[in-house]
Amino acid sequence: MNRVVITGIGVYSCIGQNVDEVRDSLFKGKSGIGFDAIRKEMGFRSALTGILPVPNLKDKLHRRFRNSMPEEAEYAFLATDEALKMAKIDDAFLDNNIVGILYGNDSTARAVIEGIDVMRAKKDTTLMGSGSIFQSMNSTITMNLSTIFRLKGINFTVSGACASGSHSIGMGYFLIKHGMQETVICGGGQEVNPHSMGAFDGISAFSVRENEPTKASRPFDKNRDGLVPSGGAATVILESYENAIKRGATILGEVIGYGFSSNGGHISQPSVEGSARSLKMSLKDAGISVKDVDYINAHATSTPIGDAFEARAIHEVFGDAKCPVTSTKSMTGHECWMAGASEIVYSLLMMHNSFVAPNINFETPDEDSAKLNIVSKTIEKNIDVFLSNSFGFGGTNSSLIVKKIK
Amino acid sequence: MSNQEIIEKINGFLVDEFEADINLITPEASLKETLDLDSLDFVDLVVVIENNFGFKAKGEDFVNIKTFQDFYDYIIQRVNQPA
């Protein structure tokens, strides 16, 4: 069995467009949430969303590459470019080694809608243009990045709803652990446009606290009223410990545990039992006890039932261990397919800068969150081991554990 | 639209949409080689022609278009063709 380590991270999110900006936002407890007026015109219940600019890649990528990329692939390109540079993986390395990609993504709504709109208006498929098919497929991020970075290893998209990014890291960990890959680019990307979120808004999942955008995402708080959608992309470079040492890479952390489960129940309602099984499996895989975990990055999205069920699951597994718990979604909103990867990046930044980022807007606990040690203000803390939860529609659960290498 | 206006419009979208270097666009130059066109790019050429001139070019129309002048002549002929 190989040890699996992280040697590069990159991120493009509503709280920063690179690792340094994001680290500062996490430390300050800065919210990236705002009001997008166009959503009201489109009939949304809530116009709240993570706010981030669509990148301009004209100077970075040839027209042919850009033509095939929807916004989520653009975010993923920037996050991956940053992560590869941090890992000191250059063009020569990519050309001479088998590097794979497993990336979480679960929608391409805008590309599909815009393509179909042209077909309906023009009654001609050719006039949809050559980029539409490559932008519209769910594997758009992996197909684009594998082409841009000339990757030669594993290459597919992981679609596991809001646990997609986490499962991508888990699967990359599994392949490297068992010797099937040496280096895998993992991550998650999420489109932010209104088209991608209308149906989600339609099931009344979003907070309607529109008069206070930065206070709307309030995981675990008694007065939470729903999640705030968000997006971007985050990348984590995984490789075998042996390979990282051999090439002199800086090791940011070691993935020591991956747990997963399916609730086997309702399509949108979470499950304490299913979540707890994922947590327990990750701890067993890591070979550690709950007392060894210094920080939990919760999935908690700020929905009334989801946060309550996760709090019960964490309490069931951790008991009265009083491990600090925060949901960085209080600042970022719910980054959906990206979240499981971005929250590994956020937690690694806390680990390397010895702080726990706050669960902002946690003002009044409810009966479930009162049983956890939820941190509402930034605290200084040494983190040797953290656990990150991600849960999704259909009852898919994923838990990852990362350890600092000293 | 005059022939010159058509040519200017074509050069405009080749620069804007295909990011062609205007200095390399000469009547005798090869359209395919100068713009480094692959099979997918020809689909997008059909799209920009339709967007700019309102007619749908067919794949076989490009068989005899070798140079920019051929391309200009083709567009001019189609634009001036009675509906």
# chains A, B, ... in the order shown; residues from 1 in each chain; ligands from 1
>>> interface_residues(of="chain A", to="chain B", cutoff="9 Å", atoms="only C-alpha atoms", output="number ranges by chain")
A: 63-64, 126-131
>>> residues_around(residues="segment 110-118 of chain A", least_positions_apart="6", cutoff="7 Å", atoms="only C-alpha atoms", output="number ranges by chain")
A: 70, 128, 132, 135-136, 195-196
>>> residues_around(residues="Ser278 of chain A", least_positions_apart="6", cutoff="7 Å", atoms="only C-alpha atoms", output="JSON, numbers by chain")
{"A": [259, 260, 261, 397, 398, 399]}
>>> write_last_selection(atoms="C-alpha atoms", output="tab-separated table (two decimals), in the first residue's frame")
chain	number	residue	atom	x	y	z
A	259	GLY	CA	-15.14	6.84	4.15
A	260	PHE	CA	-18.31	6.70	2.11
A	261	SER	CA	-21.85	5.45	2.29
A	397	ASN	CA	-21.85	10.60	1.71
A	398	SER	CA	-18.09	11.08	1.79
A	399	SER	CA	-15.64	11.77	4.60
>>> residues_around(residues="segment 31-33 of chain B", least_positions_apart="4", cutoff="8 Å", atoms="only C-alpha atoms", output="NGL selection string")
:B and (37-38 or 65-68 or 71)
